[in-house]
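Novice: Before I ask anything, here is the structure I am working with.
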Amino acid sequence: MKAIWNDEVIAESDDTVVVEGNHYFPLDSVDKSYLKPSNKTSVCPWKGTANYYTLNVDGTENNDAAWYYGNPKDAAKQIAGRVAFWRGVQVIE
């Protein structure tokens with residue numbers, strides 16, 4: 001699987017975990033040079049608190065377009081150490 005935004009591959013892995021239709025990529029498969037920490041958080045009742053990254057590709061930003069659960073609840077432990085994408089990021093095979 002690949003996560004692509006602004007014509008750049010942000011992440012690539014054959015080991016994604018799909019939860020609620022979202023592919024969670026291992027953190028080590030993500031090009032961290034495109035990630036900028038965000039202050040945004042959200043709470044899922046069964047996964048826990050999500051933290052976000054803003055993507056920055058060639059000076060163009062996509063705010064809060066990636067998220068991860070730093071300390072997921074037990075029901076979502078399979079996504080620990082993984083990142084998912086939205087807001088126009090294409091996830092393709």
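In the structure tokens, chains take letters A, B, ... by order of appearance, with residues numbered from 1 within each chain and ligands from 1 in the order shown.
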Please give the complete set of residues from chain A that DSSP, run on the backbone, assigns to strand (DSSP E), formatted as number ranges by chain.

Specialist: A: 2-5, 8-12, 17-19, 22-26, 35-44, 48-57, 60-68, 82-85, 90-92

Novice: Can you write just those residues out, C-alpha atoms, as a compact mmCIF listing (two decimals), in the first residue's frame?

Specialist:
# COMPACT_ATOMS: atom_id res chain seq x y z
CA LYS A 2 1.08 3.58 -0.66
CA ALA A 3 -0.12 6.86 0.80
CA ILE A 4 0.31 9.65 -1.77
CA TRP A 5 -0.32 13.36 -1.47
CA GLU A 8 4.75 12.40 -3.31
CA VAL A 9 4.76 9.00 -1.61
CA ILE A 10 4.28 9.73 2.09
CA ALA A 11 4.24 6.09 3.21
CA GLU A 12 4.68 2.68 1.64
CA VAL A 17 -3.70 -2.80 9.43
CA VAL A 18 -7.20 -1.83 8.28
CA VAL A 19 -9.54 -0.44 10.93
CA ASN A 22 -8.46 3.18 7.13
CA HIS A 23 -5.05 1.69 6.43
CA TYR A 24 -2.68 2.19 9.35
CA PHE A 25 0.93 2.20 8.16
CA PRO A 26 3.85 1.26 10.42
CA LEU A 35 5.27 15.17 8.93
CA LYS A 36 4.80 18.23 11.10
CA PRO A 37 3.31 17.70 14.59
CA SER A 38 -0.12 19.22 15.11
CA ASN A 39 -1.83 20.31 18.31
CA LYS A 40 -5.10 18.66 17.22
CA THR A 41 -6.44 15.68 19.14
CA SER A 42 -9.69 13.75 19.00
CA VAL A 43 -11.15 10.96 21.10
CA CYS A 44 -12.61 7.68 19.93
CA GLY A 48 -8.53 6.29 22.63
CA THR A 49 -7.02 9.70 21.95
CA ALA A 50 -5.69 10.40 18.45
CA ASN A 51 -2.89 12.86 17.75
CA TYR A 52 -2.38 14.42 14.33
CA TYR A 53 0.31 15.46 11.90
CA THR A 54 0.12 18.13 9.23
CA LEU A 55 1.69 17.07 5.94
CA ASN A 56 4.14 19.46 4.33
CA VAL A 57 5.16 18.64 0.76
CA THR A 60 2.21 23.05 0.66
CA GLU A 61 0.48 21.98 3.86
CA ASN A 62 -2.42 19.59 4.43
CA ASN A 63 -3.50 20.30 8.00
CA ASP A 64 -4.11 17.34 10.30
CA ALA A 65 -4.05 14.89 7.38
CA ALA A 66 -2.40 12.05 9.32
CA TRP A 67 -3.23 10.63 12.72
CA TYR A 68 -2.04 8.06 15.19
CA ARG A 82 0.92 3.13 13.18
CA VAL A 83 -0.24 6.15 11.18
CA ALA A 84 -3.36 6.62 9.02
CA PHE A 85 -4.24 9.30 6.47
CA GLN A 90 -4.69 8.70 -1.65
CA VAL A 91 -4.12 5.23 -0.24
CA ILE A 92 -3.64 2.79 -3.10

Novice: Between A:Ser29, A:Glu93, A:Trp46, A:Glu20, single out the one closest to A:Gly81, counting only C-alpha atoms.

Specialist: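 Checking each candidate against A:Gly81, we get A:Ser29 as the closest.
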
Novice: To one decimal in Å, tell me the separation between atom CA of A:Thr16 and atom CA of A:Val30.

Specialist: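 Between these atoms lies a distance of 11.5 Å.
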
Novice: Work out how far atom CA of A:Pro45 is from atom CA of A:Gly70, in Å to one decimal.

Specialist: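 Distance between the two atoms: 14.8 Å.
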
Novice: Counting only C-alpha atoms, which residue out of A:Asp7, A:Ser13, A:Asp31, A:Lys47 sits closest to A:Ile79?

Specialist: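 Distance minimum relative to A:Ile79 lands on A:Lys47.
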
Novice: So which residues of chain A fall under helix (DSSP H, G or I) by DSSP, listed as a list of chain:residue names?

Specialist: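 Answer for chain A restricted to helix (DSSP H, G or I) is A:Leu27, A:Asp28, A:Ser29, A:Lys32, A:Ser33, A:Tyr34, A:Asp74, A:Ala75, A:Ala76, A:Lys77, A:Gln78, A:Ile79.
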